[in-house]
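Novice: Input: one structure, supplied below.
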Amino acid sequence: MQPFRKHTGMVVPLDKVNVDTDQIIPKQFLKRIERTGFGEFLFYDWRFAADGKQRANQTGDFVLDAPRYRKASILVAGKNFGCGSSREHAVWALADYGFRAVIAPSFADIFSNNSLKNGLLTVALNDQQVAEIMRRSKQVEPYQLTVDLETLRVEDRQGFSASFAMDEFSRHCLLHGLDDIARTLQHEAQIVAYEASHLMRAEMKAIGTVK
Amino acid sequence: MSETETMPARTLFEKVWDAHVVAAPEGQSALLYIDLHLVHEVTSPQAFDGLRANGRTVRQPLRTVATVDHNIPTTPRGLPITDPIAAKQIEALENNCREFGVPLFDMDSADQGIVHVIGPELGITLPGMTIVCGDSHTSTHGAFGSLAFGIGTSEVEHVLATQCLPQKKPKTMRIHVPGKLAEGVTAKDLALGMIGRIGTDGATGYVIEYAGDAVRGLSMEGRMTLCNMSIEAGARAGLIAPDETTFAYVSGRRFAPKGKDWEEAVADWRTLASDADAKFDRVVEIEAASLAPFVTWGTNPGMVVAVTECVPESNSFAQESEQRAAEQALAYMGLDPGTPIESIAIDRVFIGSCTNSRIEDLRAAARVAKGQHVNPKVRAMVVPGSQAIKRAAEQEGLHRIFLDAGFEWRESGCSMCLGMNPDILQPGERCASTSNRNFEGRQGRGGRTHLVSPMMAAAAAIAGHFTDIRNWQFH
């Protein structure tokens, strides 16, 4: 996993609440069996018309495709970001597109977990702070933020500064890009002991006989 | 004083959690043992690739059970899969299961079905278990008093390799539903009413325990519907303490304990209920009598009103962000505020999904459809949750009722719940659906989904618009 220590990048405002993973990566792209290449399909239905052409609607291009936001690597969005389906493809799409961090008032649990496994930092700030970043990212051009996981701070060059919380263990894993599975396997003796005292039932063993 | 008296009072969730802690390393998440890992074709290929890349194996192949459900067609079995990418994904699962020794109920299996339908139906899902699956609706299995939650593909790989998962302990929420659900008000309506009340992020960070007379009064099918929708309120898991209804459902199922094992298991399961003085981090009370048949009007399951109400005004929401979300939802849904729900005409009906595709759901829908005919402007499909349900329904003659009424009767799978297979809405089509998500484009790009119960869906198919099932004239 790619470690996350500190990142400075352009900010794009996605001023919506409850952005679900069906929007982040629509179902038609879940049939791929690879982990890579999802970035071009990010927010597909919002960015592209049904014929695959980039969408221009009454309000202009979808915010990601507006020229000033094209190089953004930090997404700021409304509350409950990543709700819905457990599809990790949503995180793969965000990361593959080039996002390193998402800032929102809150995140869905499974989305947060999936992000952690892929080095995508989810930063929860309060409503006012998110609104302020949203406002600045619309008014200031170009607008950059620095997200520092070591100091747990988000700062811009115009005086905005906020601290965020993250449990120490998740922070440690992200900072060092640690492989989760290897760490669990350090508990091999305990897993073996647990399994020895919780044997599989005879009836369940029969499942091995299904064709 | 007995030992149990000195134990601190614990919730059902805490009892299941505690029984599965393999290790609790200082300053880290607890490592939980996973009793059962359900696998399907969409969220697993990258996980198996990860095992191969690192030279790892599946630690417990017999605690891992796979099936195909998400992108398989629901046209008659034996026809070729016309989508080559879907076919490749299905083939990848078959190859992975063969290579790693994982049991698979494939497309031609008599036991194939939606992963959250076949687990309970085969007696694989049992009270007190920890169950995971790369699918957010894994919460369904909590109906049995198991701790069941959805995971991403990295976690799928983790469980395949270690049969364990490091987890942060969630908070607990008790949703207490006193009273009795009225005729025509179902578990689906309880779920929708609950989400409407607490919001789609109301239970984020929590595990829900459902309790109260209305919950006790639900069948296992109803309990599965309720727990299934927990994730739509943000909770990764929703549990109901096992009771006689649970034991009666599980008893005699193919992979369930038998004989002396059964007696011991039931005795053990009886101890799972939350202690009387157990503390929850949050308690919500929903009077059963306050619930009605519900219909969603927007683009998330919390945007919901009773069938007797009207599409709300966006300025009826307190927060500016919610007002904007409502405006966007109304624009997407093509609805004007103030429109009576019962006047909204529909084009399609979908009866199916891991929320509402079980035999009881089909019986309820068939009871409405009996002797009636689907409105000529509506295309309606019934997709049983599993092959076993399809067979049972056909034995009861439910398929006859549906076919005579003009519904399509299809093969089992996730189908139009998420539209990964060819069953999708066309842009602008409006659908009364028994599924779980009304997100933009969920059932097909530009499609407009209204979530309802199976009875409400069947009635809408016949009427051509939403109608209050409580006034229905059954034939």
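Ordering of the structure tokens sets the chain letters (A, B, ...); residue numbers start at 1 within each chain; ligands are numbered from 1 in the order shown.
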May I have the residues within 9 Å of Arg70 of chain A as a list in words, using only C-alpha atoms and disregarding those fewer than 4 positions away in the same chain?

Specialist: Met10, Val12, Val63, Leu64, Asp65 and Ala66 of chain A

Novice: Could you take the residues named above and write them with C-alpha atoms, as a compact mmCIF listing (two decimals), in the first residue's frame?

Specialist:
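After the write, part-v9.txt holds the following:
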# COMPACT_ATOMS: atom_id res chain seq x y z
CA MET A 10 -5.30 21.21 -5.70
CA VAL A 12 -11.99 20.30 -6.08
CA VAL A 63 -16.85 20.07 -11.53
CA LEU A 64 -14.03 17.53 -11.97
CA ASP A 65 -13.78 18.43 -15.63
CA ALA A 66 -13.79 22.18 -15.22

Novice: Dump as a Markdown table the rows for residues of chain A within 7 Å of chain B: closest atom pair and distance in Å with one decimal, only C-alpha atoms counted, ordered by chain and rising residue number.

Specialist:
| residue | atom | partner | partner_atom | distance |
| --- | --- | --- | --- | --- |
| A:Lys16 | CA | B:Ala325 | CA | 7.0 |
| A:Val17 | CA | B:Ser321 | CA | 6.8 |
| A:Asp22 | CA | B:Arg442 | CA | 6.7 |
| A:Lys27 | CA | B:Met420 | CA | 5.9 |
| A:Gln28 | CA | B:Met420 | CA | 6.1 |
| A:Leu30 | CA | B:Val42 | CA | 6.5 |
| A:Lys31 | CA | B:Ala86 | CA | 5.8 |
| A:Arg32 | CA | B:Ile85 | CA | 6.9 |
| A:Ile33 | CA | B:Pro45 | CA | 5.5 |
| A:Glu34 | CA | B:Gln46 | CA | 6.0 |
| A:Arg35 | CA | B:Gln46 | CA | 6.1 |
| A:Asn80 | CA | B:Asp201 | CA | 6.2 |
| A:Gly84 | CA | B:Glu232 | CA | 6.7 |
| A:Ser85 | CA | B:Ser136 | CA | 5.4 |
| A:Ser86 | CA | B:Ser136 | CA | 5.0 |
| A:Arg87 | CA | B:Gly152 | CA | 6.0 |
| A:Glu88 | CA | B:Gly152 | CA | 5.1 |
| A:Ala108 | CA | B:Thr204 | CA | 6.4 |
| A:Asp109 | CA | B:Gly205 | CA | 6.4 |
| A:Ile110 | CA | B:Ile151 | CA | 6.4 |
| A:Asn114 | CA | B:Gly152 | CA | 5.8 |
| A:Lys117 | CA | B:Ser154 | CA | 6.6 |
| A:Phe169 | CA | B:Gln28 | CA | 5.4 |
| A:Ile181 | CA | B:His158 | CA | 5.6 |
| A:Leu185 | CA | B:Thr162 | CA | 6.8 |
| A:Gln190 | CA | B:Val22 | CA | 6.2 |
| A:Ile191 | CA | B:Val22 | CA | 6.2 |
| A:Tyr194 | CA | B:Val22 | CA | 6.3 |
| A:Glu203 | CA | B:Phe255 | CA | 5.1 |
| A:Met204 | CA | B:Phe255 | CA | 5.4 |
| A:Lys205 | CA | B:Leu62 | CA | 6.4 |
| A:Ile207 | CA | B:Leu62 | CA | 6.7 |
| A:Gly208 | CA | B:Pro103 | CA | 5.8 |
| A:Val210 | CA | B:Pro103 | CA | 6.2 |

Novice: Ranking B:Asn96, B:Ser314, B:Thr296, B:Thr225 by minimum distance to Asn438 of chain B and counting only C-alpha atoms, which one comes first?

Specialist: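 Nearest to Asn438 of chain B: B:Thr296.
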
Novice: If you run DSSP on this backbone, which residues of segment 18-260 of chain B come out as strand (DSSP E), and could you give them as a PDB file with N, CA and C atoms, in the first residue's frame?

Specialist:
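Output (part.pdb):
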ATOM      1  N   VAL B  21     -13.044 -12.758  19.551  1.00  0.00           N
ATOM      2  CA  VAL B  21     -11.776 -12.024  19.617  1.00  0.00           C
ATOM      3  C   VAL B  21     -10.621 -13.020  19.724  1.00  0.00           C
ATOM      4  N   VAL B  22      -9.808 -13.044  18.688  1.00  0.00           N
ATOM      5  CA  VAL B  22      -8.642 -13.942  18.646  1.00  0.00           C
ATOM      6  C   VAL B  22      -7.472 -13.295  19.374  1.00  0.00           C
ATOM      7  N   ALA B  23      -7.339 -12.007  19.167  1.00  0.00           N
ATOM      8  CA  ALA B  23      -6.245 -11.268  19.795  1.00  0.00           C
ATOM      9  C   ALA B  23      -6.683  -9.819  19.952  1.00  0.00           C
ATOM     10  N   ALA B  30      -9.039  -4.937  17.478  1.00  0.00           N
ATOM     11  CA  ALA B  30      -9.142  -6.345  17.864  1.00  0.00           C
ATOM     12  C   ALA B  30      -9.130  -7.197  16.601  1.00  0.00           C
ATOM     13  N   LEU B  31      -8.583  -8.382  16.729  1.00  0.00           N
ATOM     14  CA  LEU B  31      -8.585  -9.323  15.618  1.00  0.00           C
ATOM     15  C   LEU B  31      -9.738 -10.293  15.835  1.00  0.00           C
ATOM     16  N   LEU B  32     -10.705 -10.268  14.914  1.00  0.00           N
ATOM     17  CA  LEU B  32     -11.907 -11.103  15.053  1.00  0.00           C
ATOM     18  C   LEU B  32     -11.797 -12.342  14.186  1.00  0.00           C
ATOM     19  N   TYR B  33     -12.248 -13.461  14.728  1.00  0.00           N
ATOM     20  CA  TYR B  33     -12.327 -14.666  13.904  1.00  0.00           C
ATOM     21  C   TYR B  33     -13.618 -14.619  13.090  1.00  0.00           C
ATOM     22  N   LEU B  36     -17.780 -17.453   8.900  1.00  0.00           N
ATOM     23  CA  LEU B  36     -18.281 -17.741   7.551  1.00  0.00           C
ATOM     24  C   LEU B  36     -17.989 -16.557   6.631  1.00  0.00           C
ATOM     25  N   HIS B  37     -17.409 -16.894   5.488  1.00  0.00           N
ATOM     26  CA  HIS B  37     -17.074 -15.873   4.490  1.00  0.00           C
ATOM     27  C   HIS B  37     -17.821 -16.219   3.201  1.00  0.00           C
ATOM     28  N   LEU B  38     -18.776 -15.383   2.847  1.00  0.00           N
ATOM     29  CA  LEU B  38     -19.536 -15.596   1.619  1.00  0.00           C
ATOM     30  C   LEU B  38     -18.873 -14.810   0.490  1.00  0.00           C
ATOM     31  N   VAL B  39     -18.831 -15.417  -0.672  1.00  0.00           N
ATOM     32  CA  VAL B  39     -18.064 -14.846  -1.784  1.00  0.00           C
ATOM     33  C   VAL B  39     -18.932 -14.827  -3.043  1.00  0.00           C
ATOM     34  N   THR B  64     -15.650 -20.852   3.661  1.00  0.00           N
ATOM     35  CA  THR B  64     -15.769 -19.913   2.550  1.00  0.00           C
ATOM     36  C   THR B  64     -16.753 -20.520   1.564  1.00  0.00           C
ATOM     37  N   VAL B  65     -17.814 -19.811   1.246  1.00  0.00           N
ATOM     38  CA  VAL B  65     -18.838 -20.367   0.364  1.00  0.00           C
ATOM     39  C   VAL B  65     -19.130 -19.354  -0.739  1.00  0.00           C
ATOM     40  N   ALA B  66     -19.061 -19.826  -1.971  1.00  0.00           N
ATOM     41  CA  ALA B  66     -19.213 -18.904  -3.103  1.00  0.00           C
ATOM     42  C   ALA B  66     -20.444 -19.216  -3.944  1.00  0.00           C
ATOM     43  N   THR B  67     -20.972 -18.184  -4.555  1.00  0.00           N
ATOM     44  CA  THR B  67     -22.010 -18.359  -5.565  1.00  0.00           C
ATOM     45  C   THR B  67     -21.919 -17.210  -6.556  1.00  0.00           C
ATOM     46  N   LEU B 104     -18.482 -23.905  -4.392  1.00  0.00           N
ATOM     47  CA  LEU B 104     -19.165 -22.921  -5.239  1.00  0.00           C
ATOM     48  C   LEU B 104     -20.524 -23.451  -5.687  1.00  0.00           C
ATOM     49  N   PHE B 105     -21.554 -22.647  -5.469  1.00  0.00           N
ATOM     50  CA  PHE B 105     -22.859 -22.952  -6.059  1.00  0.00           C
ATOM     51  C   PHE B 105     -22.925 -22.158  -7.356  1.00  0.00           C
ATOM     52  N   THR B 130     -19.929 -14.963  13.271  1.00  0.00           N
ATOM     53  CA  THR B 130     -19.441 -13.789  12.551  1.00  0.00           C
ATOM     54  C   THR B 130     -19.443 -14.145  11.068  1.00  0.00           C
ATOM     55  N   ILE B 131     -20.050 -13.270  10.276  1.00  0.00           N
ATOM     56  CA  ILE B 131     -20.201 -13.535   8.839  1.00  0.00           C
ATOM     57  C   ILE B 131     -19.787 -12.276   8.076  1.00  0.00           C
ATOM     58  N   VAL B 132     -18.966 -12.448   7.069  1.00  0.00           N
ATOM     59  CA  VAL B 132     -18.619 -11.309   6.211  1.00  0.00           C
ATOM     60  C   VAL B 132     -18.818 -11.695   4.750  1.00  0.00           C
ATOM     61  N   CYS B 133     -18.920 -10.683   3.931  1.00  0.00           N
ATOM     62  CA  CYS B 133     -19.036 -10.887   2.485  1.00  0.00           C
ATOM     63  C   CYS B 133     -18.705  -9.550   1.836  1.00  0.00           C
ATOM     64  N   LEU B 147     -23.305 -11.655  13.855  1.00  0.00           N
ATOM     65  CA  LEU B 147     -22.684 -10.371  13.547  1.00  0.00           C
ATOM     66  C   LEU B 147     -22.202 -10.449  12.108  1.00  0.00           C
ATOM     67  N   ALA B 148     -22.923  -9.808  11.217  1.00  0.00           N
ATOM     68  CA  ALA B 148     -22.684  -9.976   9.786  1.00  0.00           C
ATOM     69  C   ALA B 148     -22.544  -8.610   9.140  1.00  0.00           C
ATOM     70  N   PHE B 149     -21.444  -8.405   8.434  1.00  0.00           N
ATOM     71  CA  PHE B 149     -21.232  -7.080   7.845  1.00  0.00           C
ATOM     72  C   PHE B 149     -20.475  -7.147   6.524  1.00  0.00           C
ATOM     73  N   GLY B 150     -20.688  -6.143   5.720  1.00  0.00           N
ATOM     74  CA  GLY B 150     -20.065  -6.061   4.414  1.00  0.00           C
ATOM     75  C   GLY B 150     -18.638  -5.558   4.500  1.00  0.00           C
ATOM     76  N   CYS B 164      -9.467 -14.121   9.567  1.00  0.00           N
ATOM     77  CA  CYS B 164      -9.626 -13.119  10.626  1.00  0.00           C
ATOM     78  C   CYS B 164      -9.730 -11.733   9.997  1.00  0.00           C
ATOM     79  N   LEU B 165     -10.180 -10.798  10.801  1.00  0.00           N
ATOM     80  CA  LEU B 165     -10.276  -9.418  10.331  1.00  0.00           C
ATOM     81  C   LEU B 165     -10.037  -8.479  11.514  1.00  0.00           C
ATOM     82  N   PRO B 166      -9.089  -7.550  11.380  1.00  0.00           N
ATOM     83  CA  PRO B 166      -8.946  -6.540  12.435  1.00  0.00           C
ATOM     84  C   PRO B 166     -10.118  -5.567  12.324  1.00  0.00           C
ATOM     85  N   GLN B 167     -10.785  -5.303  13.423  1.00  0.00           N
ATOM     86  CA  GLN B 167     -11.953  -4.434  13.395  1.00  0.00           C
ATOM     87  C   GLN B 167     -11.965  -3.483  14.571  1.00  0.00           C
ATOM     88  N   LYS B 171     -20.054   1.294  17.927  1.00  0.00           N
ATOM     89  CA  LYS B 171     -20.964   1.624  19.025  1.00  0.00           C
ATOM     90  C   LYS B 171     -22.260   0.827  18.845  1.00  0.00           C
ATOM     91  N   THR B 172     -23.085   0.824  19.864  1.00  0.00           N
ATOM     92  CA  THR B 172     -24.318   0.040  19.799  1.00  0.00           C
ATOM     93  C   THR B 172     -25.543   0.940  19.825  1.00  0.00           C
ATOM     94  N   MET B 173     -26.525   0.583  19.027  1.00  0.00           N
ATOM     95  CA  MET B 173     -27.796   1.309  18.983  1.00  0.00           C
ATOM     96  C   MET B 173     -28.930   0.301  19.104  1.00  0.00           C
ATOM     97  N   ARG B 174     -29.868   0.608  19.975  1.00  0.00           N
ATOM     98  CA  ARG B 174     -31.036  -0.263  20.091  1.00  0.00           C
ATOM     99  C   ARG B 174     -32.211   0.446  19.441  1.00  0.00           C
ATOM    100  N   ILE B 175     -32.815  -0.202  18.476  1.00  0.00           N
ATOM    101  CA  ILE B 175     -34.037   0.339  17.879  1.00  0.00           C
ATOM    102  C   ILE B 175     -35.195  -0.501  18.380  1.00  0.00           C
ATOM    103  N   HIS B 176     -36.001   0.122  19.210  1.00  0.00           N
ATOM    104  CA  HIS B 176     -37.073  -0.586  19.893  1.00  0.00           C
ATOM    105  C   HIS B 176     -38.394  -0.245  19.215  1.00  0.00           C
ATOM    106  N   TYR B 206     -22.328   2.614  14.129  1.00  0.00           N
ATOM    107  CA  TYR B 206     -23.066   1.780  15.082  1.00  0.00           C
ATOM    108  C   TYR B 206     -23.373   0.406  14.492  1.00  0.00           C
ATOM    109  N   VAL B 207     -23.638  -0.519  15.418  1.00  0.00           N
ATOM    110  CA  VAL B 207     -24.323  -1.758  15.077  1.00  0.00           C
ATOM    111  C   VAL B 207     -25.700  -1.647  15.720  1.00  0.00           C
ATOM    112  N   ILE B 208     -26.734  -1.956  14.942  1.00  0.00           N
ATOM    113  CA  ILE B 208     -28.102  -1.832  15.451  1.00  0.00           C
ATOM    114  C   ILE B 208     -28.573  -3.161  16.030  1.00  0.00           C
ATOM    115  N   GLU B 209     -29.260  -3.111  17.164  1.00  0.00           N
ATOM    116  CA  GLU B 209     -30.053  -4.275  17.573  1.00  0.00           C
ATOM    117  C   GLU B 209     -31.531  -3.877  17.514  1.00  0.00           C
ATOM    118  N   TYR B 210     -32.303  -4.645  16.763  1.00  0.00           N
ATOM    119  CA  TYR B 210     -33.742  -4.398  16.658  1.00  0.00           C
ATOM    120  C   TYR B 210     -34.455  -5.214  17.732  1.00  0.00           C
ATOM    121  N   ALA B 211     -35.376  -4.566  18.422  1.00  0.00           N
ATOM    122  CA  ALA B 211     -36.075  -5.254  19.504  1.00  0.00           C
ATOM    123  C   ALA B 211     -37.500  -4.731  19.603  1.00  0.00           C
ATOM    124  N   ALA B 237     -24.000  -3.381  10.475  1.00  0.00           N
ATOM    125  CA  ALA B 237     -24.688  -4.610  10.882  1.00  0.00           C
ATOM    126  C   ALA B 237     -25.939  -4.265  11.661  1.00  0.00           C
ATOM    127  N   GLY B 238     -26.936  -5.129  11.552  1.00  0.00           N
ATOM    128  CA  GLY B 238     -28.156  -5.024  12.345  1.00  0.00           C
ATOM    129  C   GLY B 238     -28.496  -6.415  12.841  1.00  0.00           C
ATOM    130  N   LEU B 239     -28.778  -6.539  14.131  1.00  0.00           N
ATOM    131  CA  LEU B 239     -28.996  -7.866  14.714  1.00  0.00           C
ATOM    132  C   LEU B 239     -30.359  -7.967  15.390  1.00  0.00           C
TER     133      LEU B 239
END

Novice: Using only C-alpha atoms, which residues sit within 10 Å of Ala124 of chain A once same-chain residues fewer than 3 positions away are excluded, as a list in words?

Specialist: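 So, after excluding close chain neighbours, the residues are Lys79, Val102, Ile103, Ala104, Pro105, Ser106, Phe107, Leu121, Asp127, Gln129, Val130, Ser163, Phe164, Ala165 and Met166 of chain A.
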
Novice: Run DSSP on the backbone and give me the residues of segment 5-154 of chain A it puts in alpha helix (DSSP H), as an MDAnalysis selection string.

Specialist: chainID A and resid 21:24 44:47 89:97 109:116 127:139
